[in-house]
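For reference, protein.cif (mmCIF, N, CA and C atoms and all ligand atoms):
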```cif
data_run
#
loop_
_atom_site.label_atom_id
_atom_site.label_comp_id
_atom_site.auth_asym_id
_atom_site.auth_seq_id
_atom_site.Cartn_x
_atom_site.Cartn_y
_atom_site.Cartn_z
N MET A 1 35.35 -0.73 -3.10
CA MET A 1 34.56 -0.40 -1.91
C MET A 1 33.54 -1.50 -1.65
N PRO A 2 33.39 -1.93 -0.41
CA PRO A 2 32.40 -2.96 -0.11
C PRO A 2 30.99 -2.40 -0.29
N ARG A 3 30.11 -3.26 -0.77
CA ARG A 3 28.71 -2.87 -0.95
C ARG A 3 28.05 -2.77 0.42
N PRO A 4 27.31 -1.70 0.66
CA PRO A 4 26.62 -1.59 1.96
C PRO A 4 25.58 -2.70 2.13
N ASP A 5 25.43 -3.15 3.34
CA ASP A 5 24.45 -4.21 3.61
C ASP A 5 23.08 -3.58 3.83
N TYR A 6 22.27 -3.56 2.76
CA TYR A 6 20.99 -2.86 2.82
C TYR A 6 20.02 -3.50 3.80
N LYS A 7 20.12 -4.83 3.93
CA LYS A 7 19.23 -5.52 4.87
C LYS A 7 19.48 -5.02 6.28
N GLU A 8 20.77 -4.88 6.61
CA GLU A 8 21.13 -4.41 7.94
C GLU A 8 20.70 -2.96 8.14
N ILE A 9 20.95 -2.14 7.13
CA ILE A 9 20.54 -0.74 7.21
C ILE A 9 19.03 -0.64 7.35
N ALA A 10 18.32 -1.43 6.54
CA ALA A 10 16.86 -1.40 6.59
C ALA A 10 16.35 -1.79 7.97
N THR A 11 16.94 -2.82 8.57
CA THR A 11 16.52 -3.25 9.91
C THR A 11 16.73 -2.13 10.92
N THR A 12 17.88 -1.47 10.82
CA THR A 12 18.17 -0.36 11.72
C THR A 12 17.12 0.74 11.60
N ILE A 13 16.76 1.06 10.36
CA ILE A 13 15.80 2.14 10.12
C ILE A 13 14.40 1.74 10.57
N VAL A 14 14.01 0.50 10.29
CA VAL A 14 12.67 0.04 10.69
C VAL A 14 12.52 0.09 12.21
N ASN A 15 13.61 -0.19 12.91
CA ASN A 15 13.56 -0.17 14.37
C ASN A 15 13.56 1.24 14.95
N ASP A 16 13.94 2.21 14.14
CA ASP A 16 14.04 3.58 14.63
C ASP A 16 13.70 4.58 13.51
N PRO A 17 12.47 4.47 12.97
CA PRO A 17 12.12 5.29 11.80
C PRO A 17 12.08 6.78 12.10
N ALA A 18 11.91 7.16 13.36
CA ALA A 18 11.82 8.57 13.70
C ALA A 18 13.15 9.28 13.54
N SER A 19 14.23 8.51 13.38
CA SER A 19 15.55 9.12 13.22
C SER A 19 15.91 9.35 11.75
N TYR A 20 14.96 9.00 10.87
CA TYR A 20 15.25 9.12 9.44
C TYR A 20 14.12 9.85 8.72
N LYS A 21 14.40 10.27 7.50
CA LYS A 21 13.37 10.90 6.65
C LYS A 21 13.66 10.52 5.21
N ILE A 22 12.63 10.71 4.37
CA ILE A 22 12.75 10.31 2.97
C ILE A 22 12.91 11.55 2.10
N CYS A 23 13.90 11.53 1.23
CA CYS A 23 14.08 12.63 0.29
C CYS A 23 12.92 12.62 -0.70
N LEU A 24 12.22 13.75 -0.86
CA LEU A 24 11.07 13.80 -1.75
C LEU A 24 11.49 13.89 -3.21
N VAL A 25 12.75 14.13 -3.46
CA VAL A 25 13.21 14.24 -4.85
C VAL A 25 13.72 12.90 -5.38
N CYS A 26 14.62 12.24 -4.63
CA CYS A 26 15.21 11.00 -5.15
C CYS A 26 14.78 9.77 -4.36
N GLY A 27 14.06 9.96 -3.24
CA GLY A 27 13.56 8.81 -2.49
C GLY A 27 14.57 8.19 -1.55
N ALA A 28 15.72 8.81 -1.38
CA ALA A 28 16.74 8.25 -0.50
C ALA A 28 16.31 8.38 0.95
N LEU A 29 16.75 7.42 1.78
CA LEU A 29 16.53 7.52 3.22
C LEU A 29 17.70 8.27 3.81
N VAL A 30 17.38 9.35 4.52
CA VAL A 30 18.41 10.26 4.99
C VAL A 30 18.31 10.39 6.51
N ASP A 31 19.44 10.56 7.17
CA ASP A 31 19.45 10.78 8.60
C ASP A 31 18.66 12.05 8.93
N GLN A 32 17.87 11.97 9.99
CA GLN A 32 17.01 13.10 10.39
C GLN A 32 17.80 14.39 10.59
N SER A 33 19.06 14.27 10.97
CA SER A 33 19.86 15.46 11.27
C SER A 33 20.41 16.13 10.01
N ALA A 34 20.29 15.47 8.87
CA ALA A 34 20.84 16.05 7.64
C ALA A 34 19.95 17.19 7.16
N ASP A 35 20.56 18.30 6.75
CA ASP A 35 19.80 19.44 6.27
C ASP A 35 19.41 19.26 4.80
N THR A 36 20.31 18.63 4.05
CA THR A 36 20.04 18.38 2.64
C THR A 36 20.35 16.93 2.31
N CYS A 37 19.75 16.43 1.23
CA CYS A 37 19.98 15.05 0.81
C CYS A 37 21.41 14.88 0.33
N PRO A 38 22.14 13.87 0.88
CA PRO A 38 23.52 13.65 0.44
C PRO A 38 23.59 13.17 -1.01
N ASP A 39 22.49 12.64 -1.53
CA ASP A 39 22.49 12.13 -2.91
C ASP A 39 22.22 13.23 -3.93
N CYS A 40 21.22 14.07 -3.66
CA CYS A 40 20.80 15.02 -4.69
C CYS A 40 20.73 16.46 -4.20
N ALA A 41 21.09 16.69 -2.92
CA ALA A 41 21.14 18.04 -2.35
C ALA A 41 19.77 18.69 -2.21
N ALA A 42 18.70 17.91 -2.29
CA ALA A 42 17.37 18.46 -2.07
C ALA A 42 17.17 18.73 -0.58
N TYR A 43 16.21 19.60 -0.29
CA TYR A 43 15.98 19.93 1.11
C TYR A 43 14.54 19.69 1.54
N ARG A 44 13.80 18.94 0.72
CA ARG A 44 12.42 18.61 1.09
C ARG A 44 12.35 17.13 1.43
N PHE A 45 11.77 16.83 2.60
CA PHE A 45 11.75 15.46 3.08
C PHE A 45 10.38 15.07 3.61
N ASP A 46 10.10 13.76 3.58
CA ASP A 46 8.93 13.21 4.25
C ASP A 46 9.44 12.56 5.52
N ALA A 47 9.10 13.14 6.68
CA ALA A 47 9.62 12.65 7.95
C ALA A 47 8.61 11.78 8.69
N ASP A 48 7.53 11.38 8.03
CA ASP A 48 6.54 10.52 8.67
C ASP A 48 7.15 9.14 8.95
N PRO A 49 7.27 8.78 10.24
CA PRO A 49 7.93 7.51 10.60
C PRO A 49 7.30 6.30 9.91
N LYS A 50 5.99 6.37 9.65
CA LYS A 50 5.31 5.25 9.00
C LYS A 50 5.80 5.10 7.56
N HIS A 51 5.94 6.21 6.87
CA HIS A 51 6.44 6.18 5.49
C HIS A 51 7.90 5.73 5.47
N VAL A 52 8.67 6.22 6.45
CA VAL A 52 10.09 5.87 6.52
C VAL A 52 10.24 4.36 6.71
N ALA A 53 9.44 3.79 7.60
CA ALA A 53 9.52 2.35 7.87
C ALA A 53 9.14 1.56 6.62
N ASP A 54 8.08 1.99 5.94
CA ASP A 54 7.66 1.32 4.70
C ASP A 54 8.77 1.33 3.67
N CYS A 55 9.39 2.49 3.53
CA CYS A 55 10.44 2.68 2.55
C CYS A 55 11.65 1.80 2.90
N ALA A 56 11.96 1.69 4.20
CA ALA A 56 13.09 0.88 4.64
C ALA A 56 12.85 -0.60 4.39
N ILE A 57 11.62 -1.05 4.62
CA ILE A 57 11.28 -2.46 4.38
C ILE A 57 11.45 -2.76 2.89
N ASP A 58 10.98 -1.84 2.08
CA ASP A 58 11.10 -1.98 0.64
C ASP A 58 12.57 -2.08 0.23
N LEU A 59 13.38 -1.23 0.82
CA LEU A 59 14.82 -1.20 0.55
C LEU A 59 15.47 -2.53 0.91
N GLY A 60 15.07 -3.08 2.07
CA GLY A 60 15.69 -4.30 2.55
C GLY A 60 15.32 -5.54 1.75
N THR A 61 14.20 -5.48 1.01
CA THR A 61 13.76 -6.67 0.29
C THR A 61 14.19 -6.65 -1.18
N ARG A 62 14.67 -5.51 -1.64
CA ARG A 62 15.11 -5.45 -3.03
C ARG A 62 16.50 -6.03 -3.19
N PRO A 63 16.81 -6.62 -4.32
CA PRO A 63 18.18 -7.09 -4.53
C PRO A 63 19.13 -5.89 -4.55
N PRO A 64 20.32 -6.05 -4.00
CA PRO A 64 21.24 -4.92 -3.87
C PRO A 64 21.48 -4.18 -5.18
N SER A 65 21.50 -4.88 -6.30
CA SER A 65 21.80 -4.23 -7.56
C SER A 65 20.68 -3.29 -8.00
N ALA A 66 19.49 -3.43 -7.40
CA ALA A 66 18.36 -2.62 -7.84
C ALA A 66 18.01 -1.52 -6.85
N VAL A 67 18.80 -1.36 -5.82
CA VAL A 67 18.41 -0.42 -4.76
C VAL A 67 18.49 1.03 -5.21
N THR A 68 19.63 1.47 -5.66
CA THR A 68 19.75 2.87 -6.07
C THR A 68 20.64 3.01 -7.29
N HIS A 69 20.58 4.16 -7.87
CA HIS A 69 21.45 4.48 -8.99
C HIS A 69 22.92 4.44 -8.58
N LEU A 70 23.18 4.57 -7.29
CA LEU A 70 24.57 4.60 -6.82
C LEU A 70 25.26 3.25 -6.99
N ASP A 71 24.48 2.18 -7.13
CA ASP A 71 25.07 0.85 -7.25
C ASP A 71 25.57 0.57 -8.66
N ARG A 72 25.08 1.34 -9.60
CA ARG A 72 25.46 1.07 -10.98
C ARG A 72 26.85 1.61 -11.26
N PRO A 73 27.64 0.88 -12.00
CA PRO A 73 28.97 1.37 -12.34
C PRO A 73 28.87 2.64 -13.19
N ALA A 74 29.78 3.54 -12.98
CA ALA A 74 29.75 4.81 -13.70
C ALA A 74 30.00 4.61 -15.19
ZN ZN A 101 17.66 13.13 -2.66
#
```
Taking this structure as input, can you express it in the form of structure tokens?
Amino acid sequence: MPRPDYKEIATTIVNDPASYKICLVCGALVDQSADTCPDCAAYRFDADPKHVADCAIDLGTRPPSAVTHLDRPA
């Protein structure tokens, strides 16, 4: 599977932070329309666009191998 381009994703989110929210359990950036986190199934989110943008910038500047647990081989 190709590795997702986090820089591109981050840019998309920074430009439209109101469409995303942050999972309060695992810190994943989740689409605003999602009821539960696709990563950990949590249902508590931080929907503050300012926090979302900060989190996205952080995501875009980290090396891909360090972004999430999902990148590590099983
Ligand atoms: Zn989560």
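Shell of Ser33 in chain A at 8 Å, with only N, CA and C atoms counted and residues fewer than 4 places along the chain excluded, is A:Ser19, A:Tyr20, A:Lys21.
Using all atoms listed in the file, residues with at least one atom at most 6.5 Å away from any atom of ligand ZN 101 (chain A) are A:Cys23, A:Leu24, A:Val25, A:Cys26, A:Gly27, A:Ala28, A:Cys37, A:Pro38, A:Asp39, A:Cys40, A:Ala41, A:Ala42.
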Could you name the residues that touch Thr12 in chain A at 12 Å or less, counting only C-alpha atoms, but leaving out those on the same chain fewer than 2 positions away, as a PyMOL selection string?
chain A and resi 5-10+14-20+29+31+52-53+56-57+59-60
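Distance annotation: of A:Arg3, A:Ile22, A:Arg62, A:Ile13, the residue with the minimal separation from Asp35 in chain A is A:Ile22; atom set is only C-alpha atoms.
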Among chain A, which ones does DSSP assign to alpha helix (DSSP H) (computed from the backbone)? Answer as a short mmCIF file (atom, residue, chain, number, x, y, z; two decimals) with N, CA and C atoms, keeping the file's coordinate frame.
```cif
data_model
loop_
_atom_site.label_atom_id
_atom_site.label_comp_id
_atom_site.auth_asym_id
_atom_site.auth_seq_id
_atom_site.Cartn_x
_atom_site.Cartn_y
_atom_site.Cartn_z
N TYR A 6 22.27 -3.56 2.76
CA TYR A 6 20.99 -2.86 2.82
C TYR A 6 20.02 -3.50 3.80
N LYS A 7 20.12 -4.83 3.93
CA LYS A 7 19.23 -5.52 4.87
C LYS A 7 19.48 -5.02 6.28
N GLU A 8 20.77 -4.88 6.61
CA GLU A 8 21.13 -4.41 7.94
C GLU A 8 20.70 -2.96 8.14
N ILE A 9 20.95 -2.14 7.13
CA ILE A 9 20.54 -0.74 7.21
C ILE A 9 19.03 -0.64 7.35
N ALA A 10 18.32 -1.43 6.54
CA ALA A 10 16.86 -1.40 6.59
C ALA A 10 16.35 -1.79 7.97
N THR A 11 16.94 -2.82 8.57
CA THR A 11 16.52 -3.25 9.91
C THR A 11 16.73 -2.13 10.92
N THR A 12 17.88 -1.47 10.82
CA THR A 12 18.17 -0.36 11.72
C THR A 12 17.12 0.74 11.60
N ILE A 13 16.76 1.06 10.36
CA ILE A 13 15.80 2.14 10.12
C ILE A 13 14.40 1.74 10.57
N VAL A 14 14.01 0.50 10.29
CA VAL A 14 12.67 0.04 10.69
C VAL A 14 12.52 0.09 12.21
N ASN A 15 13.61 -0.19 12.91
CA ASN A 15 13.56 -0.17 14.37
C ASN A 15 13.56 1.24 14.95
N PRO A 49 7.27 8.78 10.24
CA PRO A 49 7.93 7.51 10.60
C PRO A 49 7.30 6.30 9.91
N LYS A 50 5.99 6.37 9.65
CA LYS A 50 5.31 5.25 9.00
C LYS A 50 5.80 5.10 7.56
N HIS A 51 5.94 6.21 6.87
CA HIS A 51 6.44 6.18 5.49
C HIS A 51 7.90 5.73 5.47
N VAL A 52 8.67 6.22 6.45
CA VAL A 52 10.09 5.87 6.52
C VAL A 52 10.24 4.36 6.71
N ALA A 53 9.44 3.79 7.60
CA ALA A 53 9.52 2.35 7.87
C ALA A 53 9.14 1.56 6.62
N ASP A 54 8.08 1.99 5.94
CA ASP A 54 7.66 1.32 4.70
C ASP A 54 8.77 1.33 3.67
N CYS A 55 9.39 2.49 3.53
CA CYS A 55 10.44 2.68 2.55
C CYS A 55 11.65 1.80 2.90
N ALA A 56 11.96 1.69 4.20
CA ALA A 56 13.09 0.88 4.64
C ALA A 56 12.85 -0.60 4.39
N ILE A 57 11.62 -1.05 4.62
CA ILE A 57 11.28 -2.46 4.38
C ILE A 57 11.45 -2.76 2.89
N ASP A 58 10.98 -1.84 2.08
CA ASP A 58 11.10 -1.98 0.64
C ASP A 58 12.57 -2.08 0.23
N LEU A 59 13.38 -1.23 0.82
CA LEU A 59 14.82 -1.20 0.55
C LEU A 59 15.47 -2.53 0.91
N GLY A 60 15.07 -3.08 2.07
CA GLY A 60 15.69 -4.30 2.55
C GLY A 60 15.32 -5.54 1.75
N THR A 61 14.20 -5.48 1.01
CA THR A 61 13.76 -6.67 0.29
C THR A 61 14.19 -6.65 -1.18
#
```
Between atom N of His51 in chain A and CA of Pro2 in chain A, measure the distance and give it in Å to one decimal.
28.9 Å
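For the pair atom N of Asp48 in chain A and atom N of Pro4 in chain A, the separation is 24.8 Å.
In this model, the gap between atom C of Ala34 in chain A and CA of Asp58 in chain A comes to 22.1 Å.
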Using 6 Å of padding on each side, determine the axis-aligned box around all atoms of range 31-42 of chain A present in the file and give its centre and edge lengths in Å to one decimal, as JSON.
```
{"center_x": 20.3, "center_y": 15.0, "center_z": 3.3, "size_x": 18.6, "size_y": 20.9, "size_z": 28.0}
```
